[in-house]
Amino acid sequence: MELMRSRAAADDEDTRIQHDEARVMEARRIRELWAEMQRFWLRSKAAIIMREARARENRCFRGVSASDKAILALREPNLDKPAAAAGQDCPVCFEDVKEGDMLRVMPCSHCFHMSCIYKWLRASGMCPCCRFKLPSEDEQHIYMMQLIG
Ligand SMILES: [Zn+2]
Ligand SMILES: [Zn+2]
C-alpha cells in the first residue's frame, strides 16, 4: 500500500514535470514570437521615422525647388525704371548690382542676379527676401492639369 502510493506519487511527479516542460516550451515559443513581432515592429517604426525625417529635412532645409517653367518665366527688371535695381545689392550674394549685370525680378518685385536667383530657386522655391513662393514642379503640374480641365 505504501509502495503503491509512492509509485502513484512518482507518476504524478512525472506528468507534472512533463507538464512543466510543455509549459516552458510554450512560454519560450511565445517569447520568441513576441520578440520577432517586436523586431518587426521596431524595423517598420524605424523605417517610418527615417522616412518622416527625410521628408522633414527636404521641407525645412533644402525646401522644394521652383519649377523650371516658373524660374524661366521670371522677367528682367523694367528697363524704363533702372533705379529699381541700381545701387542695391543682390540679396543672394550681397554684392552690388552693377550696370550690365543679368538680372531677374521675382513676382514679389525683389530683384537678383539672374545666376544667383536661378541657383537659389533650384534649392528653394521661396524668395530669400520675403518668402514669396513660386510653384514647385508638382504644383505647376496640378495647375496645368486644372487649365486643361
Ligand atoms: Zn547675386
Ligand atoms: Zn520677395
# chains A, B, ... in the order shown; residues from 1 in each chain; ligands from 1
>>> closest_atom_pairs(of="chain A", to="ligand 1", cutoff="7 Å", atoms="only C-alpha atoms and all ligand atoms", output="tab-separated table")
residue	atom	partner	partner_atom_place_in_ligand_line	distance
A:Cys90	CA	ligand 1	1 (Zn)	4.4
A:Pro91	CA	ligand 1	1 (Zn)	6.6
A:Val92	CA	ligand 1	1 (Zn)	5.0
A:Cys93	CA	ligand 1	1 (Zn)	4.1
A:Phe94	CA	ligand 1	1 (Zn)	6.3
A:Glu95	CA	ligand 1	1 (Zn)	6.0
A:Phe112	CA	ligand 1	1 (Zn)	5.7
A:His113	CA	ligand 1	1 (Zn)	4.4
A:Cys116	CA	ligand 1	1 (Zn)	4.6
>>> residues_near_ligand(ligand="ligand 2", cutoff="7 Å", atoms="only C-alpha atoms and all ligand atoms", output="list of chain:residue names")
A:Met106, A:Cys108, A:Ser109, A:His110, A:Cys127, A:Pro128, A:Cys129, A:Cys130, A:Arg131, A:Phe132
>>> atom_distance(atom1="atom CA of A:Glu137", atom2="atom CA of A:Ser65")
7.6 Å
>>> atom_distance(atom1="atom CA of A:Glu76", atom2="atom CA of A:Trp120")
16.6 Å
>>> closest_residue(among="A:Asn78, A:Ser124, A:Ser67, A:Gln18", to="A:Leu103", atoms="only C-alpha atoms")
A:Asn78
>>> closest_residue(among="A:Ala123, A:Met114, A:Ala55, A:Ala8", to="A:Pro77", atoms="only C-alpha atoms")
A:Met114
>>> select_by_dssp(residues="stretch 6-146 of chain A", states="strand (DSSP E)", output="mmCIF file with C-alpha atoms, in the first residue's frame")
data_model
loop_
_atom_site.group_PDB
_atom_site.id
_atom_site.type_symbol
_atom_site.label_atom_id
_atom_site.label_comp_id
_atom_site.auth_asym_id
_atom_site.auth_seq_id
_atom_site.Cartn_x
_atom_site.Cartn_y
_atom_site.Cartn_z
ATOM 1 C CA LEU A 103 19.089 90.461 -63.510
ATOM 2 C CA ARG A 104 15.774 88.829 -62.793
ATOM 3 C CA VAL A 105 12.765 90.068 -60.829
ATOM 4 C CA CYS A 111 15.494 91.767 -57.783
ATOM 5 C CA PHE A 112 18.539 89.481 -58.023
ATOM 6 C CA HIS A 113 21.423 88.484 -60.252
#
>>> atom_distance(atom1="atom CA of A:Glu139", atom2="atom CA of A:Ala66")
9.2 Å
